[in-house]
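Colleague: Contents are mmCIF, C-alpha atoms; file name input_21.cif:
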```cif
data_query
#
loop_
_atom_site.label_atom_id
_atom_site.label_comp_id
_atom_site.auth_asym_id
_atom_site.auth_seq_id
_atom_site.Cartn_x
_atom_site.Cartn_y
_atom_site.Cartn_z
CA MET A 1 72.51 189.14 140.37
CA VAL A 2 72.30 190.15 136.72
CA VAL A 3 72.22 187.43 134.07
CA ALA A 4 73.09 188.15 130.44
CA LYS A 5 70.18 187.88 128.05
CA ILE A 6 70.73 185.62 125.06
CA ASP A 7 68.61 185.96 121.93
CA PHE A 8 68.65 183.85 118.77
CA ASN A 9 67.41 185.35 115.51
CA VAL A 10 67.46 184.21 111.90
CA ASP A 11 66.95 186.60 108.99
CA PHE A 12 65.62 184.23 106.33
CA THR A 13 65.24 186.93 103.68
CA HIS A 14 68.92 187.88 103.59
CA LYS A 15 70.20 184.35 103.95
CA LEU A 16 67.89 182.81 101.36
CA CYS A 17 68.90 185.42 98.79
CA ALA A 18 72.54 184.76 99.60
CA ALA A 19 72.07 181.03 99.11
CA LEU A 20 70.51 181.55 95.70
CA MET A 21 72.90 184.19 94.38
CA PHE A 22 76.37 183.30 95.65
CA HIS A 23 78.61 180.27 95.81
CA PRO A 24 80.35 179.58 99.13
CA PHE A 25 84.12 179.88 99.35
CA ARG A 26 85.69 176.75 97.98
CA ASN A 27 87.66 176.21 101.15
CA ALA A 28 84.44 176.27 103.18
CA VAL A 29 82.89 173.30 101.38
CA GLY A 30 85.40 170.78 102.59
CA GLY A 31 82.97 168.97 104.85
CA SER A 32 82.90 171.21 107.91
CA PRO A 33 79.40 171.15 109.45
CA LEU A 34 79.71 174.86 110.26
CA SER A 35 79.96 175.70 106.55
CA LEU A 36 76.24 174.94 106.17
CA VAL A 37 75.08 176.77 109.31
CA ILE A 38 72.94 179.86 108.64
CA GLY A 39 71.75 182.16 111.41
CA SER A 40 72.45 184.84 113.97
CA LEU A 41 73.52 184.73 117.60
CA CYS A 42 72.87 187.79 119.74
CA ILE A 43 74.11 188.06 123.34
CA LYS A 44 73.25 191.14 125.41
CA HIS A 45 74.52 191.98 128.89
CA PRO A 46 72.50 194.85 130.41
CA ASN A 47 74.78 195.61 133.38
CA LEU A 48 78.35 194.56 132.63
CA PHE A 49 80.22 196.28 135.50
CA GLY A 50 77.28 197.02 137.79
CA LYS A 51 76.77 200.57 136.48
CA SER A 52 74.31 199.90 133.64
CA GLU A 53 77.05 199.46 131.04
CA LYS A 54 75.71 197.48 128.09
CA LEU A 55 77.65 194.92 126.07
CA ASP A 56 76.17 193.49 122.87
CA PHE A 57 77.66 190.65 120.84
CA LEU A 58 76.22 189.77 117.43
CA TRP A 59 77.38 186.96 115.16
CA ASP A 60 75.64 186.76 111.80
CA LYS A 61 76.64 183.86 109.53
CA GLY A 62 75.53 182.91 106.04
CA LEU A 63 76.65 180.32 103.54
CA CYS A 64 79.50 182.50 102.29
CA ASP A 65 79.55 185.54 104.59
CA SER A 66 80.14 186.20 108.26
CA ASN A 67 79.86 189.28 110.47
CA ILE A 68 80.89 189.73 114.12
CA LEU A 69 79.89 192.95 115.90
CA VAL A 70 80.77 193.88 119.49
CA THR A 71 79.30 197.07 120.98
CA TYR A 72 79.95 198.58 124.41
CA ARG A 73 77.81 201.45 125.72
CA LYS A 74 78.44 203.41 128.90
CA PRO A 75 75.44 205.41 130.26
CA ARG A 76 75.70 209.20 130.29
CA PRO A 77 73.23 211.97 131.22
CA GLU A 78 70.60 212.58 128.53
CA TRP A 79 71.86 216.10 127.81
CA LEU A 80 75.33 214.78 126.87
CA SER A 81 76.34 212.87 123.74
CA GLN A 82 76.02 209.10 124.03
CA HIS A 83 79.14 207.03 123.34
CA ALA A 84 79.29 203.56 121.80
CA PHE A 85 82.57 201.68 121.28
CA ILE A 86 82.35 199.28 118.34
CA ILE A 87 84.55 196.47 117.03
CA GLN A 88 83.54 194.66 113.85
CA HIS A 89 84.94 191.92 111.65
CA SER A 90 83.25 190.69 108.47
CA ILE A 91 83.93 188.74 105.31
CA SER A 92 81.59 188.64 102.32
CA PRO A 93 81.56 188.37 98.52
CA GLU A 94 81.92 191.78 96.88
CA VAL A 95 79.22 191.38 94.22
CA GLY A 96 77.89 194.95 94.26
CA ILE A 97 80.86 196.21 92.23
CA HIS A 98 82.72 193.14 90.92
CA GLY A 99 79.73 190.79 90.61
CA LEU A 100 78.68 189.41 87.22
CA PRO A 101 75.03 189.98 86.17
CA VAL A 102 73.31 186.84 84.82
CA ASP A 103 69.78 185.85 83.77
CA ASN A 104 69.00 189.25 82.17
CA PHE A 105 70.45 191.16 85.16
CA SER A 106 68.09 189.47 87.65
CA ARG A 107 70.96 187.87 89.61
CA SER A 108 74.58 188.67 90.40
CA VAL A 109 77.21 185.98 90.88
CA SER A 110 80.64 186.29 92.44
CA GLY A 111 83.38 187.83 90.32
CA GLY A 112 86.11 186.28 92.45
CA VAL A 113 86.52 189.26 94.81
CA ASN A 114 85.61 189.02 98.50
CA LEU A 115 86.23 191.63 101.21
CA CYS A 116 87.61 190.89 104.66
CA ARG A 117 87.06 193.95 106.89
CA PHE A 118 88.15 194.82 110.42
CA SER A 119 87.14 198.09 112.08
CA ALA A 120 87.27 199.62 115.54
CA GLY A 121 85.98 203.01 116.60
CA ILE A 122 83.47 205.13 118.47
CA ASP A 123 79.99 206.48 117.69
CA LEU A 124 78.92 209.79 119.23
CA SER A 125 75.15 210.42 119.22
CA GLU A 126 74.19 213.99 120.02
CA PRO A 127 71.05 214.65 122.13
CA ALA A 128 67.99 215.08 119.90
CA SER A 129 66.70 218.65 119.68
CA SER A 130 63.28 219.36 118.17
CA ASN A 131 63.04 217.24 114.99
CA TRP A 132 66.80 216.94 114.44
CA SER A 133 69.27 214.26 115.53
CA SER A 134 72.90 213.73 114.60
CA LYS A 135 75.62 211.11 114.96
CA THR A 136 79.37 211.25 114.38
CA SER A 137 81.59 208.20 114.09
CA VAL A 138 85.36 207.83 113.96
CA LYS A 139 86.91 204.45 113.25
CA PHE A 140 89.99 202.70 111.98
CA GLU A 141 89.24 200.34 109.10
CA HIS A 142 91.39 197.65 107.51
CA VAL A 143 90.14 196.11 104.24
CA ARG A 144 91.76 193.05 102.68
CA PRO A 145 90.40 191.65 99.38
CA VAL A 146 90.60 187.87 99.07
CA ASN A 147 89.73 185.41 96.31
CA ASP A 148 87.30 182.51 96.59
CA ASP A 149 90.07 180.39 98.14
CA GLY A 150 90.59 182.94 100.92
CA ARG A 151 93.97 184.19 99.63
CA SER A 152 94.84 187.88 99.57
CA ILE A 153 94.69 189.55 96.15
CA SER A 154 95.52 192.99 94.77
CA ARG A 155 93.88 192.59 91.34
CA ASP A 156 90.62 191.17 90.01
CA LEU A 157 90.23 188.43 87.41
CA HIS A 158 90.84 190.94 84.61
CA GLY A 159 94.07 192.24 86.14
CA PHE A 160 92.73 195.56 87.45
CA PRO A 161 93.55 196.80 91.00
CA VAL A 162 90.92 196.17 93.66
CA THR A 163 92.43 198.45 96.34
CA CYS A 164 93.15 202.16 96.51
CA SER A 165 96.78 201.57 97.57
CA GLY A 166 97.46 199.08 94.79
CA GLY A 167 98.62 196.53 97.36
CA CYS A 168 96.84 193.66 99.06
CA HIS A 169 95.06 195.81 101.64
CA ASP A 170 93.82 199.31 102.47
CA SER A 171 94.04 200.89 105.93
CA MET A 172 92.22 204.13 106.66
CA VAL A 173 90.67 206.33 109.31
CA VAL A 174 87.00 206.92 108.52
CA LEU A 175 85.12 209.99 109.75
CA LYS A 176 81.37 209.95 109.18
CA GLN A 177 78.79 212.56 110.16
CA GLU A 178 75.06 211.96 109.84
CA SER A 179 72.16 214.33 110.51
CA ARG A 180 68.49 213.32 110.45
CA PHE A 181 65.27 215.29 110.36
CA ALA A 182 61.96 213.63 111.22
CA LYS A 183 58.50 215.14 111.46
CA ALA A 184 55.16 213.42 111.96
CA ASN A 185 51.51 214.37 112.17
CA ASP A 186 48.17 212.56 111.97
CA CYS A 187 48.35 211.86 108.22
CA SER A 188 52.02 211.84 107.24
CA PHE A 189 55.57 211.15 108.31
CA THR A 190 58.61 212.79 106.72
CA ARG A 191 62.23 211.83 107.26
CA SER A 192 65.41 213.08 105.61
CA ALA A 193 69.09 212.50 106.23
CA ASN A 194 72.43 213.95 105.19
CA ARG A 195 75.63 211.93 105.42
CA THR A 196 79.22 213.02 104.96
CA ARG A 197 82.08 210.54 105.09
CA ASN A 198 85.82 211.23 105.03
CA SER A 199 85.16 214.70 103.55
CA TYR A 200 85.12 213.17 100.07
CA SER A 201 81.58 211.84 99.83
CA PHE A 202 78.22 213.43 100.40
CA GLU A 203 74.94 211.59 100.40
CA VAL A 204 71.34 212.68 100.72
CA ALA A 205 69.24 209.70 101.72
CA ASP A 206 65.92 208.46 103.06
CA LEU A 207 63.68 211.30 101.98
CA GLN A 208 60.49 209.44 102.83
CA PRO A 209 57.10 211.15 102.99
CA VAL A 210 54.40 208.67 104.00
CA GLN A 211 50.75 209.43 103.38
CA ILE A 212 48.13 207.53 105.34
CA CYS A 213 44.56 207.25 104.05
CA SER A 214 41.65 205.84 106.06
CA ILE A 215 39.33 203.27 104.52
CA LYS A 216 35.72 203.67 105.51
CA GLY A 217 33.82 200.77 106.95
CA ASN A 218 33.25 198.96 110.20
CA THR A 219 37.01 198.62 110.62
CA THR A 220 39.50 201.39 109.96
CA TRP A 221 42.54 200.22 108.06
CA ALA A 222 45.35 202.30 106.65
CA SER A 223 46.81 202.42 103.13
CA ILE A 224 50.38 203.68 103.16
CA LEU A 225 52.28 205.31 100.32
CA LEU A 226 56.02 205.23 100.92
CA THR A 227 58.33 207.13 98.58
CA SER A 228 62.08 207.64 98.89
CA LEU A 229 64.81 209.40 96.98
CA THR A 230 68.44 208.48 97.62
CA GLY A 231 71.47 210.01 95.95
CA GLY A 232 75.16 210.59 96.48
CA SER A 233 78.46 211.60 94.95
CA ILE A 234 82.11 210.87 95.75
CA VAL A 235 85.16 213.00 94.99
CA GLY A 236 88.82 212.11 95.44
CA ASP A 237 90.70 208.84 95.21
CA ILE A 238 88.69 205.69 95.97
CA ALA A 239 88.99 201.94 95.74
CA PRO A 240 86.46 200.21 93.44
CA TYR A 241 84.66 198.65 96.43
CA GLN A 242 83.89 202.15 97.77
CA ALA A 243 81.76 203.10 94.74
CA PHE A 244 77.96 203.23 94.88
CA SER A 245 76.25 199.94 94.01
CA ILE A 246 72.83 200.11 92.32
CA GLY A 247 70.38 197.21 92.05
CA GLY A 248 68.99 194.58 94.37
CA GLN A 249 66.19 194.06 96.85
CA GLY A 250 67.09 197.15 98.87
CA SER A 251 67.63 199.33 95.80
CA VAL A 252 66.03 198.49 92.44
CA ARG A 253 64.00 195.28 92.68
CA GLY A 254 64.04 193.02 89.63
CA TYR A 255 67.84 193.26 89.43
CA GLY A 256 70.62 191.42 91.21
CA GLU A 257 72.83 193.22 93.72
CA GLY A 258 74.76 195.89 91.80
CA ALA A 259 73.42 194.60 88.45
CA VAL A 260 72.13 198.04 87.39
CA GLY A 261 75.51 199.71 87.76
CA SER A 262 78.21 201.10 90.02
CA GLY A 263 79.61 204.61 89.97
CA ARG A 264 80.95 207.63 91.80
CA SER A 265 77.44 209.10 91.76
CA CYS A 266 73.99 207.55 91.98
CA LEU A 267 70.31 208.39 92.19
CA VAL A 268 67.66 205.85 93.28
CA ALA A 269 63.91 206.47 93.62
CA ASN A 270 61.45 204.04 95.21
CA SER A 271 57.66 204.14 95.62
CA GLU A 272 55.47 201.53 97.30
CA LEU A 273 51.75 201.54 98.06
CA THR A 274 50.44 199.02 100.59
CA LEU A 275 46.72 198.22 100.68
CA PRO A 276 45.11 196.34 103.60
CA LEU A 277 43.23 193.21 102.54
CA ASN A 278 42.33 192.09 106.07
CA PRO A 279 43.76 192.71 109.56
CA VAL A 280 46.82 190.50 108.96
CA LEU A 281 47.31 190.64 105.18
CA GLU A 282 48.38 193.54 102.97
CA GLY A 283 48.90 193.87 99.24
CA ALA A 284 51.62 196.08 97.77
CA VAL A 285 52.52 197.59 94.41
CA PHE A 286 55.91 199.20 93.85
CA LEU A 287 58.07 201.03 91.32
CA ASP A 288 61.87 201.36 91.62
CA CYS A 289 64.36 203.10 89.36
CA GLY A 290 68.06 203.93 89.61
CA SER A 291 71.00 205.33 87.67
CA ASP A 292 74.75 205.82 88.06
CA LEU A 293 74.37 209.20 86.29
CA GLY A 294 77.04 208.21 83.79
CA SER A 295 79.71 208.01 86.49
CA GLY A 296 80.55 204.30 86.12
CA ARG A 297 83.54 205.05 83.86
CA HIS A 298 85.12 207.11 86.64
CA VAL A 299 85.44 204.12 89.00
CA PRO A 300 89.01 202.70 88.86
CA GLY A 301 89.12 199.86 86.35
CA ASN A 302 85.54 200.60 85.19
CA PRO A 303 84.13 197.30 86.51
CA ALA A 304 80.57 198.21 85.50
CA LEU A 305 81.49 198.45 81.80
CA ARG A 306 83.63 195.29 81.91
CA ASN A 307 80.77 193.35 83.47
CA GLY A 308 78.16 194.67 81.03
CA LYS A 309 76.01 196.66 83.47
CA PRO A 310 73.51 199.05 81.81
CA GLY A 311 73.93 202.02 84.20
CA THR A 312 70.17 202.62 84.50
CA GLY A 313 67.37 200.31 85.57
CA LEU A 314 63.63 200.20 86.19
CA GLY A 315 61.74 197.60 88.20
CA LEU A 316 58.04 197.31 89.02
CA GLY A 317 55.84 194.69 90.60
CA TYR A 318 53.51 193.69 93.39
CA GLY A 319 53.57 191.65 96.55
CA LEU A 320 51.93 190.45 99.75
CA ARG A 321 52.73 191.18 103.41
CA PHE A 322 51.50 188.77 106.10
CA LYS A 323 51.85 189.70 109.78
CA SER A 324 51.62 187.28 112.68
CA HIS A 325 52.84 186.99 116.26
CA LEU A 326 55.72 184.81 114.96
CA GLY A 327 56.97 187.44 112.53
CA HIS A 328 56.38 188.95 109.11
CA PHE A 329 56.24 187.06 105.84
CA GLN A 330 56.83 189.01 102.64
CA ILE A 331 56.69 188.05 98.97
CA ASP A 332 57.46 190.36 96.04
CA TYR A 333 57.16 189.71 92.30
CA ALA A 334 59.28 192.13 90.25
CA VAL A 335 59.84 192.70 86.52
CA ASN A 336 62.89 194.62 85.30
CA ALA A 337 63.41 196.71 82.15
CA VAL A 338 64.29 193.66 80.02
CA GLN A 339 61.13 191.80 81.12
CA GLN A 340 63.00 189.39 83.39
CA ARG A 341 60.82 188.28 86.31
CA THR A 342 62.14 187.74 89.84
CA LEU A 343 60.42 186.45 92.97
CA TYR A 344 61.57 187.59 96.42
CA PHE A 345 60.28 186.09 99.65
CA GLY A 346 61.33 185.76 103.24
CA PHE A 347 60.66 186.07 106.95
CA SER A 348 61.75 188.86 109.27
CA ASN A 349 61.30 190.10 112.84
CA LEU A 350 61.15 186.62 114.28
CA SER A 351 60.77 186.40 118.04
#
```
Let's see the structure in the file written out as structure tokens.
Modeller:
Amino acid sequence: MVVAKIDFNVDFTHKLCAALMFHPFRNAVGGSPLSLVIGSLCIKHPNLFGKSEKLDFLWDKGLCDSNILVTYRKPRPEWLSQHAFIIQHSISPEVGIHGLPVDNFSRSVSGGVNLCRFSAGIDLSEPASSNWSSKTSVKFEHVRPVNDDGRSISRDLHGFPVTCSGGCHDSMVVLKQESRFAKANDCSFTRSANRTRNSYSFEVADLQPVQICSIKGNTTWASILLTSLTGGSIVGDIAPYQAFSIGGQGSVRGYGEGAVGSGRSCLVANSELTLPLNPVLEGAVFLDCGSDLGSGRHVPGNPALRNGKPGTGLGLGYGLRFKSHLGHFQIDYAVNAVQQRTLYFGFSNLS
């Protein structure tokens, strides 16, 4: 008899940042105990119909965002493409494009636009050959912008359209193709990826050479230099929420999410050097920079200009990484181009 495996995980880093940066929907603060629940529920069934079919259910909830993901995988021979059927529903504040930068661009607050998304489709992963792997996905996506009260909207607070159709929702079929190249040896690891979506956008991402240097002594530790270059460009008609968002912990540290800019094109470079201090503690120094390449004015309604985003940004700083059997603790101290200081911290990989 097969019993489904249930796992509980909490991503404190993402949720703590959300609690500090965003305000919950007004209709979620009416006293419901669930409005203050933060966490993730993951349920995995390894043998749904007795033939090794896998069913995964993930519910990720924050103070003002929610994401439900259901994935079904049917086993196939290794030499054939692997299929995954995916259904997803999410709602979250759209601060990357319509957010308002505050505190010298170190934080972004809600601009009154939230996105409710529903999608259903299939992922096709081709068998890996040599150093290459590829994945193609086809899905139907329905996007409905809502205000902070949960009501459908077609325009932002300044009266500009927030959808591509001009109505209260967008419906589309999304085709995405992704190819990855990875190569490793004793002293380095290199990874690159190309992504094409809907034939109107092309992105080159995750170009990450990692150099490992040994430290002499009784114990051999490794210093790791991680560099990445991410860029992209979009052609054709788009909704504002489909533009590239620049700034934030996963982009240019020292800035709020999307506080650097938003545009049809972008270029982001990141470098981080980690230095071992002892077997469980590492120090890190980093430098991030990003630009919309002057393309912010080509996004419908030009939300970046209206919200006073600079279009380019530079962040640098240092941090600590602590590893234990319970998980990883990380703290980063970043300074942006206008000398505003920001502290990031959180837990991840909790068991």
Colleague: Quick one, how far is atom CA of A:Ala269 from atom CA of A:Pro101?
Modeller: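 Distance reported for this atom pair: 21.2 Å.
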Colleague: Hey, can you check how far atom CA of A:Cys289 sits from atom CA of A:Ala182?
Modeller: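 According to the coordinates, atom CA of A:Cys289 and atom CA of A:Ala182 are separated by 24.4 Å.
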Colleague: Could you state which residues are captured by the PyMOL selection byres ((chain A and resi 68-85) around 6) in this file, as a PyMOL selection string?
Modeller: chain A and resi 53-59+67+86-89+121-127
Colleague: Just so the selection is clear, what residues does the PyMOL selection byres ((chain A and resi 248-262) around 8) cover here, as a PDB file with C-alpha atoms, in the coordinates of the input?
Modeller:
```pdb
ATOM      1  CA  VAL A  95      79.220 191.380  94.220  1.00  0.00           C
ATOM      2  CA  GLY A  96      77.890 194.950  94.260  1.00  0.00           C
ATOM      3  CA  ILE A  97      80.860 196.210  92.230  1.00  0.00           C
ATOM      4  CA  GLY A  99      79.730 190.790  90.610  1.00  0.00           C
ATOM      5  CA  LEU A 100      78.680 189.410  87.220  1.00  0.00           C
ATOM      6  CA  PRO A 101      75.030 189.980  86.170  1.00  0.00           C
ATOM      7  CA  PHE A 105      70.450 191.160  85.160  1.00  0.00           C
ATOM      8  CA  SER A 106      68.090 189.470  87.650  1.00  0.00           C
ATOM      9  CA  ARG A 107      70.960 187.870  89.610  1.00  0.00           C
ATOM     10  CA  SER A 108      74.580 188.670  90.400  1.00  0.00           C
ATOM     11  CA  ALA A 243      81.760 203.100  94.740  1.00  0.00           C
ATOM     12  CA  PHE A 244      77.960 203.230  94.880  1.00  0.00           C
ATOM     13  CA  SER A 245      76.250 199.940  94.010  1.00  0.00           C
ATOM     14  CA  ILE A 246      72.830 200.110  92.320  1.00  0.00           C
ATOM     15  CA  GLY A 247      70.380 197.210  92.050  1.00  0.00           C
ATOM     16  CA  GLY A 263      79.610 204.610  89.970  1.00  0.00           C
ATOM     17  CA  ARG A 264      80.950 207.630  91.800  1.00  0.00           C
ATOM     18  CA  CYS A 266      73.990 207.550  91.980  1.00  0.00           C
ATOM     19  CA  VAL A 268      67.660 205.850  93.280  1.00  0.00           C
ATOM     20  CA  ASN A 270      61.450 204.040  95.210  1.00  0.00           C
ATOM     21  CA  ASP A 288      61.870 201.360  91.620  1.00  0.00           C
ATOM     22  CA  CYS A 289      64.360 203.100  89.360  1.00  0.00           C
ATOM     23  CA  GLY A 290      68.060 203.930  89.610  1.00  0.00           C
ATOM     24  CA  SER A 291      71.000 205.330  87.670  1.00  0.00           C
ATOM     25  CA  ASP A 292      74.750 205.820  88.060  1.00  0.00           C
ATOM     26  CA  SER A 295      79.710 208.010  86.490  1.00  0.00           C
ATOM     27  CA  GLY A 296      80.550 204.300  86.120  1.00  0.00           C
ATOM     28  CA  VAL A 299      85.440 204.120  89.000  1.00  0.00           C
ATOM     29  CA  PRO A 303      84.130 197.300  86.510  1.00  0.00           C
ATOM     30  CA  ALA A 304      80.570 198.210  85.500  1.00  0.00           C
ATOM     31  CA  LYS A 309      76.010 196.660  83.470  1.00  0.00           C
ATOM     32  CA  PRO A 310      73.510 199.050  81.810  1.00  0.00           C
ATOM     33  CA  GLY A 311      73.930 202.020  84.200  1.00  0.00           C
ATOM     34  CA  THR A 312      70.170 202.620  84.500  1.00  0.00           C
ATOM     35  CA  GLY A 313      67.370 200.310  85.570  1.00  0.00           C
ATOM     36  CA  LEU A 314      63.630 200.200  86.190  1.00  0.00           C
ATOM     37  CA  GLY A 315      61.740 197.600  88.200  1.00  0.00           C
ATOM     38  CA  LEU A 316      58.040 197.310  89.020  1.00  0.00           C
ATOM     39  CA  ALA A 334      59.280 192.130  90.250  1.00  0.00           C
ATOM     40  CA  VAL A 335      59.840 192.700  86.520  1.00  0.00           C
ATOM     41  CA  ASN A 336      62.890 194.620  85.300  1.00  0.00           C
ATOM     42  CA  GLN A 340      63.000 189.390  83.390  1.00  0.00           C
ATOM     43  CA  ARG A 341      60.820 188.280  86.310  1.00  0.00           C
ATOM     44  CA  THR A 342      62.140 187.740  89.840  1.00  0.00           C
ATOM     45  CA  TYR A 344      61.570 187.590  96.420  1.00  0.00           C
TER      46      TYR A 344
END
```
Colleague: Between atom CA of A:Gly150 and atom CA of A:Phe118, what is the distance in Å, rounded to a tenth?
Modeller: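 We find that atom CA of A:Gly150 and atom CA of A:Phe118 lie 15.4 Å from each other.
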Colleague: For this structure, which residues satisfy the selection - the PyMOL selection byres ((chain A and resi 317-333) around 6) - when it is evaluated on the file as given? I want them as a VMD selection string.
Modeller: chain A and resid 280 to 286 316 334 342 to 350
Colleague: Using C-alpha atoms, can you write the selected residues to a file as a PDB file, in the coordinates of the input?
Modeller:
```pdb
ATOM      1  CA  VAL A 280      46.820 190.500 108.960  1.00  0.00           C
ATOM      2  CA  LEU A 281      47.310 190.640 105.180  1.00  0.00           C
ATOM      3  CA  GLU A 282      48.380 193.540 102.970  1.00  0.00           C
ATOM      4  CA  GLY A 283      48.900 193.870  99.240  1.00  0.00           C
ATOM      5  CA  ALA A 284      51.620 196.080  97.770  1.00  0.00           C
ATOM      6  CA  VAL A 285      52.520 197.590  94.410  1.00  0.00           C
ATOM      7  CA  PHE A 286      55.910 199.200  93.850  1.00  0.00           C
ATOM      8  CA  LEU A 316      58.040 197.310  89.020  1.00  0.00           C
ATOM      9  CA  ALA A 334      59.280 192.130  90.250  1.00  0.00           C
ATOM     10  CA  THR A 342      62.140 187.740  89.840  1.00  0.00           C
ATOM     11  CA  LEU A 343      60.420 186.450  92.970  1.00  0.00           C
ATOM     12  CA  TYR A 344      61.570 187.590  96.420  1.00  0.00           C
ATOM     13  CA  PHE A 345      60.280 186.090  99.650  1.00  0.00           C
ATOM     14  CA  GLY A 346      61.330 185.760 103.240  1.00  0.00           C
ATOM     15  CA  PHE A 347      60.660 186.070 106.950  1.00  0.00           C
ATOM     16  CA  SER A 348      61.750 188.860 109.270  1.00  0.00           C
ATOM     17  CA  ASN A 349      61.300 190.100 112.840  1.00  0.00           C
ATOM     18  CA  LEU A 350      61.150 186.620 114.280  1.00  0.00           C
TER      19      LEU A 350
END
```
Colleague: Using only C-alpha atoms, can you tell me which of A:Ser171, A:Ser133, A:Ser265, A:Asn114 comes closest to A:Ile153?
Modeller: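 Checking each candidate against A:Ile153, we get A:Asn114 as the closest.
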Colleague: Give the answer as one residue: which of A:Ala222, A:Leu63, A:Ser110, A:Gly231 has the shortest atom-to-atom distance to A:Pro276, using only C-alpha atoms?
Modeller: A:Ala222
Colleague: Using only C-alpha atoms, list the residues that have an atom at most 7 Å from (91.7, 194.4, 96.9), coordinates as in the file, as a list in words.
Modeller: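 Protein and nucleic acid residues near the point are Arg144, Pro145, Val146, Ile153, Ser154, Arg155, Pro161, Val162, Thr163, Cys168 and His169 of chain A.
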Colleague: Give me a file of those residues, with C-alpha atoms, as a PDB file, in the frame of the given file.
Modeller:
```pdb
ATOM      1  CA  ARG A 144      91.760 193.050 102.680  1.00  0.00           C
ATOM      2  CA  PRO A 145      90.400 191.650  99.380  1.00  0.00           C
ATOM      3  CA  VAL A 146      90.600 187.870  99.070  1.00  0.00           C
ATOM      4  CA  ILE A 153      94.690 189.550  96.150  1.00  0.00           C
ATOM      5  CA  SER A 154      95.520 192.990  94.770  1.00  0.00           C
ATOM      6  CA  ARG A 155      93.880 192.590  91.340  1.00  0.00           C
ATOM      7  CA  PRO A 161      93.550 196.800  91.000  1.00  0.00           C
ATOM      8  CA  VAL A 162      90.920 196.170  93.660  1.00  0.00           C
ATOM      9  CA  THR A 163      92.430 198.450  96.340  1.00  0.00           C
ATOM     10  CA  CYS A 168      96.840 193.660  99.060  1.00  0.00           C
ATOM     11  CA  HIS A 169      95.060 195.810 101.640  1.00  0.00           C
TER      12      HIS A 169
END
```
